[in-house]
file target-v2.txt (compact mmCIF, C-alpha atoms)
# COMPACT_ATOMS: atom_id res chain seq x y z
CA MET A 238 96.82 83.87 103.99
CA ARG A 239 96.05 87.00 102.02
CA PHE A 240 98.04 90.08 103.03
CA GLY A 241 97.47 93.71 102.20
CA VAL A 242 100.27 96.26 102.60
CA VAL A 243 98.87 99.75 103.06
CA VAL A 244 100.59 102.64 101.31
CA PHE A 245 100.20 106.24 102.49
CA PRO A 246 101.99 109.18 100.94
CA GLY A 247 105.40 108.96 102.63
CA THR A 248 105.24 105.26 103.52
CA TRP A 249 108.66 103.68 103.26
CA SER A 250 108.64 99.99 104.23
CA ASP A 251 105.80 98.93 101.97
CA CYS A 252 108.12 97.39 99.37
CA ASP A 253 110.11 95.55 102.04
CA PHE A 254 106.96 93.99 103.50
CA HIS A 255 105.59 93.16 100.07
CA TYR A 256 108.86 91.49 99.08
CA VAL A 257 109.13 89.44 102.28
CA VAL A 258 105.53 88.25 102.18
CA SER A 259 105.67 87.46 98.47
CA GLU A 260 109.16 86.06 98.04
CA VAL A 261 110.14 84.71 101.45
CA VAL A 262 106.91 83.77 103.21
CA LYS A 263 105.37 83.06 99.79
CA GLN A 264 101.82 84.20 100.47
CA PRO A 265 99.46 86.29 98.35
CA VAL A 266 100.04 89.99 98.97
CA LYS A 267 98.91 93.23 97.38
CA TYR A 268 99.36 96.92 97.98
CA VAL A 269 96.40 98.83 99.38
CA TRP A 270 96.27 102.55 98.66
CA HIS A 271 95.27 104.53 101.75
CA ARG A 272 92.02 105.74 100.17
CA ASP A 273 90.80 102.20 99.59
CA ARG A 274 88.18 101.05 102.11
CA ASN A 275 87.68 97.65 100.54
CA LEU A 276 89.57 95.09 102.64
CA ALA A 277 87.13 92.22 102.19
CA ASP A 278 89.50 90.00 100.25
CA LEU A 279 92.27 90.18 102.87
CA ASP A 280 93.10 88.23 106.01
CA CYS A 281 95.83 90.46 107.39
CA VAL A 282 96.45 94.16 106.82
CA ILE A 283 99.97 95.49 107.33
CA LEU A 284 100.66 99.13 108.18
CA PRO A 285 104.35 99.54 107.28
CA GLY A 286 107.00 101.92 108.53
CA GLY A 287 107.92 105.25 107.05
CA PHE A 288 107.02 108.90 107.34
CA SER A 289 103.39 109.03 106.24
CA TYR A 290 102.43 112.62 105.49
CA GLY A 291 105.95 113.63 106.46
CA ASP A 292 105.10 113.03 110.14
CA TYR A 293 103.24 116.35 109.85
CA LEU A 294 101.48 117.50 113.05
CA ARG A 295 102.45 114.24 114.79
CA ALA A 296 103.82 111.00 113.40
CA GLY A 297 100.89 108.94 112.17
CA ALA A 298 98.33 111.64 113.01
CA VAL A 299 97.02 112.28 109.50
CA ALA A 300 97.32 108.68 108.31
CA GLY A 301 95.43 107.58 111.41
CA ARG A 302 92.37 109.41 110.04
CA SER A 303 92.55 108.12 106.47
CA PRO A 304 89.84 106.00 104.79
CA VAL A 305 91.70 102.70 104.99
CA VAL A 306 92.30 103.11 108.72
CA GLU A 307 88.66 104.08 109.26
CA ALA A 308 87.77 100.77 107.56
CA LEU A 309 89.87 98.72 109.98
CA PRO A 310 87.33 98.31 112.83
CA ALA A 311 84.88 96.63 110.47
CA PHE A 312 87.70 94.55 108.99
CA LEU A 313 88.71 93.41 112.47
CA ALA A 314 85.11 92.66 113.44
CA GLY A 315 84.95 90.40 110.39
CA GLY A 316 87.88 88.32 111.62
CA GLY A 317 90.78 90.26 110.12
CA LEU A 318 94.19 90.83 111.69
CA VAL A 319 96.28 94.01 111.61
CA LEU A 320 100.04 94.30 111.98
CA GLY A 321 101.53 97.79 112.38
CA SER A 322 105.29 98.29 112.38
CA CYS A 323 107.05 101.54 113.28
CA ASN A 324 104.97 104.28 111.62
CA GLY A 325 102.24 101.64 111.47
CA PHE A 326 102.32 101.37 115.28
CA GLN A 327 102.18 105.17 115.52
CA ILE A 328 99.18 105.18 113.17
CA LEU A 329 97.37 102.50 115.19
CA CYS A 330 97.83 104.51 118.40
CA GLU A 331 96.70 107.73 116.71
CA ALA A 332 93.64 105.90 115.40
CA GLY A 333 92.81 104.62 118.86
CA LEU A 334 93.09 101.00 117.73
CA LEU A 335 95.85 100.59 120.28
CA PRO A 336 96.20 102.52 123.56
CA GLY A 337 98.95 104.98 124.35
CA ALA A 338 101.17 107.07 122.13
CA LEU A 339 104.67 107.11 120.66
CA MET A 340 106.85 110.10 121.48
CA ARG A 341 110.24 111.49 120.53
CA ASN A 342 113.06 109.17 121.62
CA GLU A 343 114.23 110.19 125.05
CA CYS A 344 117.85 110.29 123.88
CA LEU A 345 116.75 112.66 121.07
CA GLN A 346 118.72 110.49 118.64
CA TYR A 347 117.25 108.73 115.63
CA ARG A 348 118.05 105.13 116.49
CA CYS A 349 118.87 102.83 113.62
CA GLN A 350 120.20 99.69 115.27
CA SER A 351 119.61 96.07 116.05
CA THR A 352 117.56 95.34 119.18
CA SER A 353 116.86 92.27 121.25
CA LEU A 354 113.20 91.70 121.99
CA LEU A 355 111.95 89.61 124.88
CA VAL A 356 108.78 87.72 123.97
CA GLU A 357 106.24 88.25 126.78
CA ASN A 358 103.12 86.82 125.18
CA ALA A 359 103.27 83.83 122.85
CA GLU A 360 99.53 83.30 122.63
CA THR A 361 98.64 85.94 120.06
CA PRO A 362 98.13 85.08 116.39
CA PHE A 363 101.37 87.00 115.77
CA THR A 364 103.51 85.14 118.30
CA ARG A 365 102.14 81.61 118.50
CA ALA A 366 105.25 80.16 116.91
CA LEU A 367 107.33 81.58 119.77
CA ARG A 368 107.61 80.86 123.47
CA PRO A 369 107.57 83.32 126.39
CA GLY A 370 111.09 84.25 127.37
CA GLN A 371 112.43 83.78 123.86
CA VAL A 372 114.63 86.61 122.62
CA LEU A 373 114.34 87.83 119.03
CA THR A 374 116.73 90.09 117.14
CA MET A 375 115.13 92.80 115.01
CA PRO A 376 116.24 96.22 113.82
CA ILE A 377 114.65 99.51 114.73
CA SER A 378 114.85 102.71 112.76
CA HIS A 379 113.01 105.58 114.38
CA GLY A 380 113.21 108.96 116.03
CA GLU A 381 109.81 108.77 117.76
CA GLY A 382 109.47 105.33 119.30
CA LYS A 383 109.15 106.07 123.00
CA TYR A 384 105.95 104.33 124.08
CA HIS A 385 103.89 106.32 126.57
CA ALA A 386 100.70 105.38 128.38
CA ASP A 387 99.09 106.55 131.60
CA PRO A 388 99.33 104.35 134.71
CA ASP A 389 95.79 102.94 134.32
CA THR A 390 96.50 101.90 130.75
CA LEU A 391 99.80 100.32 131.73
CA ARG A 392 98.09 98.41 134.50
CA THR A 393 95.50 97.10 132.06
CA LEU A 394 98.18 96.10 129.56
CA ARG A 395 100.08 94.20 132.21
CA GLN A 396 97.05 92.54 133.79
CA HIS A 397 95.75 91.31 130.44
CA ASN A 398 99.17 90.25 129.19
CA ARG A 399 98.97 92.64 126.27
CA VAL A 400 102.63 93.60 126.22
CA VAL A 401 104.04 91.31 123.54
CA PHE A 402 107.65 92.45 123.09
CA ARG A 403 110.03 94.35 125.37
CA TYR A 404 113.49 95.70 124.64
CA ALA A 405 116.01 93.50 126.43
CA THR A 406 119.63 92.42 126.47
CA PRO A 407 120.52 89.52 124.17
CA ASP A 408 120.08 87.17 127.10
CA GLY A 409 116.63 88.50 127.94
CA GLN A 410 117.28 90.97 130.78
CA ILE A 411 115.10 94.08 130.89
CA THR A 412 117.56 96.93 131.45
CA ARG A 413 117.67 100.66 130.87
CA ALA A 414 120.70 100.24 128.64
CA ALA A 415 118.76 97.85 126.41
CA ASN A 416 115.99 100.43 125.94
CA PRO A 417 116.84 102.45 122.82
CA ASN A 418 114.14 105.10 123.12
CA GLY A 419 112.97 105.40 126.73
CA SER A 420 109.71 103.49 126.26
CA VAL A 421 107.95 102.93 129.57
CA ASP A 422 108.59 99.40 130.85
CA ASN A 423 110.83 98.85 127.80
CA ILE A 424 107.64 98.23 125.80
CA ALA A 425 108.40 97.51 122.14
CA GLY A 426 105.12 95.97 121.01
CA ILE A 427 101.55 95.53 122.28
CA VAL A 428 98.25 93.99 121.18
CA ASN A 429 94.67 95.13 121.54
CA GLU A 430 92.23 93.44 123.92
CA GLU A 431 91.19 90.83 121.35
CA GLY A 432 94.75 90.07 120.31
CA THR A 433 93.92 90.89 116.69
CA VAL A 434 96.01 94.04 116.33
CA LEU A 435 99.76 94.04 116.94
CA GLY A 436 101.75 97.26 117.00
CA LEU A 437 105.53 97.17 117.35
CA MET A 438 108.28 99.69 116.69
CA PRO A 439 110.85 97.18 115.32
CA HIS A 440 110.89 96.04 111.70
CA PRO A 441 110.17 92.31 111.24
CA GLU A 442 110.36 92.76 107.48
CA ARG A 443 114.03 93.74 107.88
CA ALA A 444 114.82 90.54 109.76
CA ALA A 445 113.53 88.04 107.23
CA GLU A 446 116.64 86.94 105.34
CA SER A 447 120.09 85.88 106.58
CA ALA A 448 121.68 88.27 104.13
CA MET A 449 119.97 91.11 106.03
CA GLY A 450 121.39 89.97 109.35
CA GLY A 451 118.75 87.61 110.68
CA THR A 452 115.43 85.91 110.15
CA ASP A 453 113.68 86.33 113.51
CA GLY A 454 111.07 88.57 111.91
CA LEU A 455 109.76 85.58 109.96
CA GLN A 456 108.50 84.07 113.22
CA ILE A 457 105.68 86.62 113.25
CA PHE A 458 104.59 85.52 109.78
CA TYR A 459 104.88 81.84 110.59
CA SER A 460 102.80 82.46 113.72
CA LEU A 461 100.15 84.05 111.51
CA LEU A 462 100.18 81.14 109.08
CA GLY A 463 99.96 78.72 111.96
CA SER A 464 96.94 80.59 113.23
CA LEU A 465 95.26 80.12 109.89
CA VAL A 466 96.20 76.51 109.31
CA GLU A 467 95.12 75.11 112.65
CA ASP A 468 91.39 74.98 112.11
CA GLY A 469 90.70 77.02 109.01
CA THR A 470 89.70 80.02 111.07
CA PHE A 471 91.82 82.36 113.13
CA LEU A 472 92.78 81.22 116.57
CA LYS A 473 91.39 83.76 119.05
CA ARG A 474 93.16 84.57 122.26
CA MET B 1378 86.45 133.78 112.08
CA ARG B 1379 90.13 133.46 112.89
CA VAL B 1380 91.15 131.40 115.86
CA ARG B 1381 94.48 130.42 117.32
CA VAL B 1382 95.18 127.19 119.14
CA LEU B 1383 98.08 126.52 121.46
CA VAL B 1384 98.90 122.83 121.82
CA ARG B 1385 101.15 121.88 124.71
CA LEU B 1386 102.42 118.68 126.24
CA LYS B 1387 100.52 117.91 129.43
CA PRO B 1388 102.30 118.86 132.63
CA GLY B 1389 104.34 115.98 133.91
CA ILE B 1390 105.08 114.59 130.46
CA LEU B 1391 108.79 114.69 129.77
CA ASP B 1392 109.63 117.22 127.05
CA VAL B 1393 113.01 116.11 125.73
CA GLN B 1394 112.90 118.65 122.95
CA GLY B 1395 112.32 121.43 125.49
CA ALA B 1396 115.19 120.15 127.60
CA ALA B 1397 117.52 120.18 124.60
CA VAL B 1398 116.48 123.71 123.68
CA GLN B 1399 117.00 124.81 127.27
CA ARG B 1400 120.50 123.35 127.25
CA ALA B 1401 121.23 125.14 124.01
CA LEU B 1402 120.12 128.44 125.56
CA ALA B 1403 122.37 127.78 128.54
CA GLY B 1404 125.24 127.28 126.11
CA LEU B 1405 124.48 130.73 124.72
CA GLY B 1406 124.70 132.25 128.18
CA PHE B 1407 121.01 132.14 129.12
CA SER B 1408 121.53 130.10 132.26
CA ASP B 1409 118.34 131.55 133.73
CA ALA B 1410 116.11 129.85 131.15
CA ARG B 1411 114.22 127.25 133.19
CA GLU B 1412 111.33 124.81 132.65
CA LEU B 1413 111.40 125.41 128.91
CA ARG B 1414 108.74 123.47 127.04
CA VAL B 1415 108.02 123.55 123.33
CA GLY B 1416 104.46 123.51 122.01
CA LYS B 1417 102.62 124.26 118.80
CA LEU B 1418 100.69 127.26 117.54
CA ILE B 1419 97.93 126.56 115.02
CA GLU B 1420 96.05 129.41 113.36
CA VAL B 1421 92.85 128.72 111.46
CA ASP B 1422 89.94 130.55 109.90
CA VAL B 1423 86.56 128.79 110.37
CA ASP B 1424 82.96 129.38 109.42
CA ALA B 1425 81.11 130.54 112.51
CA ALA B 1426 78.37 132.99 113.41
CA GLY B 1427 80.24 134.16 116.47
CA ALA B 1428 83.15 133.56 118.80
CA GLU B 1429 81.44 130.78 120.79
CA GLN B 1430 80.53 128.84 117.69
CA ALA B 1431 84.07 129.27 116.35
CA ARG B 1432 85.51 128.04 119.62
CA ALA B 1433 83.22 125.00 119.64
CA ARG B 1434 84.11 124.15 116.05
CA VAL B 1435 87.83 124.40 116.68
CA ASP B 1436 87.47 122.48 119.92
CA GLU B 1437 86.10 119.59 117.91
CA MET B 1438 89.00 119.91 115.45
CA CYS B 1439 91.39 119.68 118.38
CA ARG B 1440 89.74 116.60 119.86
CA ARG B 1441 89.64 114.83 116.51
CA LEU B 1442 93.03 115.75 115.06
CA LEU B 1443 94.93 118.84 116.10
CA ALA B 1444 95.86 117.55 119.56
CA ASN B 1445 96.68 114.07 120.81
CA THR B 1446 94.70 114.22 124.04
CA ILE B 1447 96.75 111.40 125.55
CA LEU B 1448 99.80 113.65 125.51
CA GLU B 1449 98.60 117.19 124.90
CA ASP B 1450 96.39 119.93 126.28
CA TYR B 1451 95.16 122.80 124.15
CA THR B 1452 93.79 126.29 124.54
CA ILE B 1453 91.67 128.14 122.00
CA GLU B 1454 91.52 131.88 121.68
CA PRO B 1455 90.39 134.35 119.06
CA GLU B 1456 93.15 135.68 116.82
CA PRO B 1457 94.44 138.92 118.31
CA ALA B 1458 93.46 141.81 116.06
CA GLU B 1459 97.02 143.03 115.42
CA ARG B 1460 97.99 139.71 113.79
CA LEU B 1461 95.33 140.05 111.13
CA ALA B 1462 96.69 141.14 107.77
CA PRO B 1463 95.97 144.78 106.86
CA PRO B 1464 93.33 145.20 104.13
CA GLY B 1465 94.74 144.51 100.69
CA ALA B 1466 97.82 142.65 101.97
CA VAL B 1467 98.84 139.54 100.09
CA ARG B 1468 98.97 136.42 102.27
call {"tool": "encode", "arguments": {"input": "target-v2.txt", "output": "structure tokens"}}
result
Amino acid sequence: MRFGVVVFPGTWSDCDFHYVVSEVVKQPVKYVWHRDRNLADLDCVILPGGFSYGDYLRAGAVAGRSPVVEALPAFLAGGGLVLGSCNGFQILCEAGLLPGALMRNECLQYRCQSTSLLVENAETPFTRALRPGQVLTMPISHGEGKYHADPDTLRTLRQHNRVVFRYATPDGQITRAANPNGSVDNIAGIVNEEGTVLGLMPHPERAAESAMGGTDGLQIFYSLLGSLVEDGTFLKR
Amino acid sequence: MRVRVLVRLKPGILDVQGAAVQRALAGLGFSDARELRVGKLIEVDVDAAGAEQARARVDEMCRRLLANTILEDYTIEPEPAERLAPPGAVR
């Protein structure tokens, strides 16, 4: 599976994603500069974490209007998948590729910590290797990760099972204490209607080697590879 | 034509930054500071034949970038005359 890691001015986790995909998951991967609209030779585009454009105006606001992001709808229509982590999730929401918005953490603290994520939907290309109810451990590192959406949007997300990950206790309980940023419903990650775009605040690329504290992040990549291998095309939801 | 835009969080959306600033004011003795909310001021000079055209142009800028309409409302007004730099001033 051919991965592209997008780089904006101010992107931070591009090298981490590139390293994990290349050296741990062992798949072809290249960097994609944000002005590049040509995504034809890729299967999955990754929008990494960081502070694109210094979070100027709003986190992800400027990057969400850049050429590479404008090229994503066509890429998705052609069968591509998009994974946005942290700033990548913010960018996807700013671009309207995912609903809702990410706001300043309710506690006002920048939270750099390990979180437990309850898997709600194990049918997406990103989570097929998992099972509902499974709890993953992944770090977060953000000051603006509070997911916000209006009641109609939340209803739609719930009804269509589009909430993929929620902050939980290590044994899978959804509690206020387990919510590091005040996200509504403890939402940590969601997909679009087609299940082809995943946005999550945690960093799977920082949970891909035991030396870094855990390998649960690899499950997302193995799910993606499984989606490819099954019938040569991508498994649709 | 110079225009100023005020971008504010929609009513009902929790403003944690505003709450923190309000607490800080209380710590300074301003216990009567209430319902403090922090927004953004954007000033811009656009090509326009008149005020209505300028407003329409900036309105489009707001919808497409300057405001996140999920979270924010905005108002557009012409730049008040006294804020304009005097002739010959260096910006």
call {"tool": "atom_distance", "arguments": {"input": "target-v2.txt", "atom1": "CA of Arg1400 (chain B)", "atom2": "CA of Glu1412 (chain B)"}}
result
10.7 Å
call {"tool": "closest_residue", "arguments": {"input": "target-v2.txt", "among": "A:Thr390, A:Ser447, A:Thr374, A:Ser322", "to": "chain B", "atoms": "all atoms listed in the file"}}
result
A:Thr390
call {"tool": "atom_distance", "arguments": {"input": "target-v2.txt", "atom1": "CA of Gly317 (chain A)", "atom2": "CA of Asp280 (chain A)"}}
result
5.1 Å
call {"tool": "closest_atom_pairs", "arguments": {"input": "target-v2.txt", "of": "chain B", "to": "chain A", "cutoff": "10 Å", "atoms": "all atoms listed in the file", "output": "Markdown table"}}
result
| residue | atom | partner | partner_atom | distance |
| --- | --- | --- | --- | --- |
| B:Ile1390 | CA | A:His385 | CA | 9.2 |
| B:Leu1391 | CA | A:Glu343 | CA | 8.5 |
| B:Asp1392 | CA | A:Glu343 | CA | 8.6 |
| B:Val1393 | CA | A:Glu343 | CA | 6.1 |
| B:Gln1394 | CA | A:Leu345 | CA | 7.4 |
| B:Ala1397 | CA | A:Leu345 | CA | 8.3 |
| B:Lys1417 | CA | A:Leu294 | CA | 8.9 |
| B:Ile1419 | CA | A:Leu294 | CA | 9.9 |
| B:Arg1441 | CA | A:Arg302 | CA | 8.9 |
| B:Leu1442 | CA | A:Ala298 | CA | 7.0 |
| B:Leu1443 | CA | A:Leu294 | CA | 7.3 |
| B:Ala1444 | CA | A:Leu294 | CA | 8.6 |
| B:Asn1445 | CA | A:Glu331 | CA | 7.6 |
| B:Thr1446 | CA | A:Ala338 | CA | 9.8 |
| B:Ile1447 | CA | A:Gly337 | CA | 6.9 |
| B:Leu1448 | CA | A:Ala338 | CA | 7.5 |
call {"tool": "atom_distance", "arguments": {"input": "target-v2.txt", "atom1": "CA of Gly321 (chain A)", "atom2": "CA of Val434 (chain A)"}}
result
7.8 Å
call {"tool": "residues_around", "arguments": {"input": "target-v2.txt", "residues": "region 1430-1437 of chain B", "least_positions_apart": "4", "cutoff": "10 Å", "atoms": "all atoms listed in the file", "output": "list in words"}}
result
Met1378, Arg1379, Val1380, Arg1381, Val1382, Val1421, Asp1422, Val1423, Asp1424, Ala1425, Ala1426, Arg1441, Leu1442, Leu1443, Ala1444, Tyr1451, Thr1452, Ile1453, Glu1454 and Pro1455 of chain B
call {"tool": "closest_residue", "arguments": {"input": "target-v2.txt", "among": "B:Gly1427, B:Pro1388, B:Pro1457, B:Gly1395", "to": "Leu1413 (chain B)", "atoms": "all atoms listed in the file"}}
result
B:Gly1395
call {"tool": "closest_residue", "arguments": {"input": "target-v2.txt", "among": "A:Gly463, A:Gln327, A:Arg368, A:Thr352", "to": "Ile427 (chain A)", "atoms": "all atoms listed in the file"}}
result
A:Gln327
call {"tool": "closest_residue", "arguments": {"input": "target-v2.txt", "among": "A:Ser464, A:Gln410, A:Gln456, A:Asn423", "to": "Val261 (chain A)", "atoms": "all atoms listed in the file"}}
result
A:Gln456
call {"tool": "closest_residue", "arguments": {"input": "target-v2.txt", "among": "A:Val269, A:Val401, A:Asn416, A:Thr406", "to": "Arg365 (chain A)", "atoms": "all atoms listed in the file"}}
result
A:Val401
call {"tool": "residues_around", "arguments": {"input": "target-v2.txt", "residues": "Phe288 (chain A)", "least_positions_apart": "5", "cutoff": "8 Å", "atoms": "only C-alpha atoms", "output": "NGL selection string"}}
result
:A and (247-249 or 296-297 or 324)
call {"tool": "axis_aligned_box", "arguments": {"input": "target-v2.txt", "around": "region 1384-1387 of chain B", "padding_each_side": "4 Å", "output": "AutoDock Vina command-line options"}}
result
--center_x 100.7 --center_y 120.4 --center_z 125.6 --size_x 11.5 --size_y 12.9 --size_z 15.6
call {"tool": "residues_around", "arguments": {"input": "target-v2.txt", "residues": "Ala300 (chain A)", "least_positions_apart": "4", "cutoff": "7 Å", "atoms": "only C-alpha atoms", "output": "MDAnalysis selection string"}}
result
chainID A and resid 245 289 328
call {"tool": "write_last_selection", "arguments": {"input": "target-v2.txt", "atoms": "C-alpha atoms", "output": "tab-separated table (two decimals), in the frame of the given file"}}
result
chain	number	residue	atom	x	y	z
A	245	PHE	CA	100.20	106.24	102.49
A	289	SER	CA	103.39	109.03	106.24
A	328	ILE	CA	99.18	105.18	113.17
call {"tool": "closest_residue", "arguments": {"input": "target-v2.txt", "among": "B:Gln1399, B:Glu1456, B:Glu1420, B:Val1384", "to": "Cys1439 (chain B)", "atoms": "all atoms listed in the file"}}
result
B:Val1384
call {"tool": "build_atoms", "arguments": {"input": "target-v2.txt", "residues": "region 1379-1409 of chain B", "atoms": "N, CA and C atoms", "output": "PDB file, keeping the file's coordinate frame"}}
result
ATOM      1  N   ARG B1379      88.776 133.987 112.679  1.00  0.00           N
ATOM      2  CA  ARG B1379      90.130 133.460 112.890  1.00  0.00           C
ATOM      3  C   ARG B1379      90.356 133.098 114.347  1.00  0.00           C
ATOM      4  N   VAL B1380      90.944 131.951 114.519  1.00  0.00           N
ATOM      5  CA  VAL B1380      91.150 131.400 115.860  1.00  0.00           C
ATOM      6  C   VAL B1380      92.590 130.931 115.965  1.00  0.00           C
ATOM      7  N   ARG B1381      93.159 131.008 117.156  1.00  0.00           N
ATOM      8  CA  ARG B1381      94.480 130.420 117.320  1.00  0.00           C
ATOM      9  C   ARG B1381      94.417 129.374 118.439  1.00  0.00           C
ATOM     10  N   VAL B1382      95.143 128.304 118.198  1.00  0.00           N
ATOM     11  CA  VAL B1382      95.180 127.190 119.140  1.00  0.00           C
ATOM     12  C   VAL B1382      96.612 127.007 119.610  1.00  0.00           C
ATOM     13  N   LEU B1383      96.767 126.859 120.913  1.00  0.00           N
ATOM     14  CA  LEU B1383      98.080 126.520 121.460  1.00  0.00           C
ATOM     15  C   LEU B1383      98.018 125.086 121.961  1.00  0.00           C
ATOM     16  N   VAL B1384      98.871 124.242 121.427  1.00  0.00           N
ATOM     17  CA  VAL B1384      98.900 122.830 121.820  1.00  0.00           C
ATOM     18  C   VAL B1384     100.170 122.618 122.637  1.00  0.00           C
ATOM     19  N   ARG B1385      99.997 122.077 123.827  1.00  0.00           N
ATOM     20  CA  ARG B1385     101.150 121.880 124.710  1.00  0.00           C
ATOM     21  C   ARG B1385     101.157 120.472 125.247  1.00  0.00           C
ATOM     22  N   LEU B1386     102.337 119.939 125.525  1.00  0.00           N
ATOM     23  CA  LEU B1386     102.420 118.680 126.240  1.00  0.00           C
ATOM     24  C   LEU B1386     101.803 118.856 127.621  1.00  0.00           C
ATOM     25  N   LYS B1387     101.124 117.838 128.098  1.00  0.00           N
ATOM     26  CA  LYS B1387     100.520 117.910 129.430  1.00  0.00           C
ATOM     27  C   LYS B1387     101.623 118.059 130.474  1.00  0.00           C
ATOM     28  N   PRO B1388     101.312 118.747 131.559  1.00  0.00           N
ATOM     29  CA  PRO B1388     102.300 118.860 132.630  1.00  0.00           C
ATOM     30  C   PRO B1388     102.695 117.461 133.100  1.00  0.00           C
ATOM     31  N   GLY B1389     103.938 117.287 133.414  1.00  0.00           N
ATOM     32  CA  GLY B1389     104.340 115.980 133.910  1.00  0.00           C
ATOM     33  C   GLY B1389     104.830 115.057 132.805  1.00  0.00           C
ATOM     34  N   ILE B1390     104.558 115.396 131.560  1.00  0.00           N
ATOM     35  CA  ILE B1390     105.080 114.590 130.460  1.00  0.00           C
ATOM     36  C   ILE B1390     106.441 115.162 130.083  1.00  0.00           C
ATOM     37  N   LEU B1391     107.424 114.281 130.047  1.00  0.00           N
ATOM     38  CA  LEU B1391     108.790 114.690 129.770  1.00  0.00           C
ATOM     39  C   LEU B1391     108.903 115.317 128.386  1.00  0.00           C
ATOM     40  N   ASP B1392     109.443 116.540 128.342  1.00  0.00           N
ATOM     41  CA  ASP B1392     109.630 117.220 127.050  1.00  0.00           C
ATOM     42  C   ASP B1392     111.124 117.227 126.734  1.00  0.00           C
ATOM     43  N   VAL B1393     111.568 116.210 126.005  1.00  0.00           N
ATOM     44  CA  VAL B1393     113.010 116.110 125.730  1.00  0.00           C
ATOM     45  C   VAL B1393     113.459 117.190 124.763  1.00  0.00           C
ATOM     46  N   GLN B1394     112.547 117.593 123.890  1.00  0.00           N
ATOM     47  CA  GLN B1394     112.900 118.650 122.950  1.00  0.00           C
ATOM     48  C   GLN B1394     113.111 119.956 123.722  1.00  0.00           C
ATOM     49  N   GLY B1395     112.198 120.228 124.666  1.00  0.00           N
ATOM     50  CA  GLY B1395     112.320 121.430 125.490  1.00  0.00           C
ATOM     51  C   GLY B1395     113.614 121.418 126.292  1.00  0.00           C
ATOM     52  N   ALA B1396     113.960 120.260 126.810  1.00  0.00           N
ATOM     53  CA  ALA B1396     115.190 120.150 127.600  1.00  0.00           C
ATOM     54  C   ALA B1396     116.405 120.431 126.733  1.00  0.00           C
ATOM     55  N   ALA B1397     116.391 119.943 125.503  1.00  0.00           N
ATOM     56  CA  ALA B1397     117.520 120.180 124.600  1.00  0.00           C
ATOM     57  C   ALA B1397     117.623 121.649 124.246  1.00  0.00           C
ATOM     58  N   VAL B1398     116.473 122.285 124.017  1.00  0.00           N
ATOM     59  CA  VAL B1398     116.480 123.710 123.680  1.00  0.00           C
ATOM     60  C   VAL B1398     116.976 124.526 124.871  1.00  0.00           C
ATOM     61  N   GLN B1399     116.559 124.101 126.073  1.00  0.00           N
ATOM     62  CA  GLN B1399     117.000 124.810 127.270  1.00  0.00           C
ATOM     63  C   GLN B1399     118.506 124.709 127.437  1.00  0.00           C
ATOM     64  N   ARG B1400     119.038 123.527 127.163  1.00  0.00           N
ATOM     65  CA  ARG B1400     120.500 123.350 127.250  1.00  0.00           C
ATOM     66  C   ARG B1400     121.209 124.223 126.232  1.00  0.00           C
ATOM     67  N   ALA B1401     120.616 124.310 125.048  1.00  0.00           N
ATOM     68  CA  ALA B1401     121.230 125.140 124.010  1.00  0.00           C
ATOM     69  C   ALA B1401     121.250 126.603 124.436  1.00  0.00           C
ATOM     70  N   LEU B1402     120.178 127.061 125.059  1.00  0.00           N
ATOM     71  CA  LEU B1402     120.120 128.440 125.560  1.00  0.00           C
ATOM     72  C   LEU B1402     121.192 128.652 126.629  1.00  0.00           C
ATOM     73  N   ALA B1403     121.345 127.671 127.503  1.00  0.00           N
ATOM     74  CA  ALA B1403     122.370 127.780 128.540  1.00  0.00           C
ATOM     75  C   ALA B1403     123.743 127.918 127.902  1.00  0.00           C
ATOM     76  N   GLY B1404     123.966 127.194 126.825  1.00  0.00           N
ATOM     77  CA  GLY B1404     125.240 127.280 126.110  1.00  0.00           C
ATOM     78  C   GLY B1404     125.463 128.652 125.511  1.00  0.00           C
ATOM     79  N   LEU B1405     124.369 129.377 125.274  1.00  0.00           N
ATOM     80  CA  LEU B1405     124.480 130.730 124.720  1.00  0.00           C
ATOM     81  C   LEU B1405     124.579 131.773 125.813  1.00  0.00           C
ATOM     82  N   GLY B1406     124.567 131.313 127.074  1.00  0.00           N
ATOM     83  CA  GLY B1406     124.700 132.250 128.180  1.00  0.00           C
ATOM     84  C   GLY B1406     123.407 132.527 128.916  1.00  0.00           C
ATOM     85  N   PHE B1407     122.305 131.906 128.466  1.00  0.00           N
ATOM     86  CA  PHE B1407     121.010 132.140 129.120  1.00  0.00           C
ATOM     87  C   PHE B1407     120.788 131.097 130.202  1.00  0.00           C
ATOM     88  N   SER B1408     121.628 131.153 131.242  1.00  0.00           N
ATOM     89  CA  SER B1408     121.530 130.100 132.260  1.00  0.00           C
ATOM     90  C   SER B1408     120.271 130.239 133.097  1.00  0.00           C
ATOM     91  N   ASP B1409     119.562 131.360 132.948  1.00  0.00           N
ATOM     92  CA  ASP B1409     118.340 131.550 133.730  1.00  0.00           C
ATOM     93  C   ASP B1409     117.094 131.052 132.987  1.00  0.00           C
TER      94      ASP B1409
END
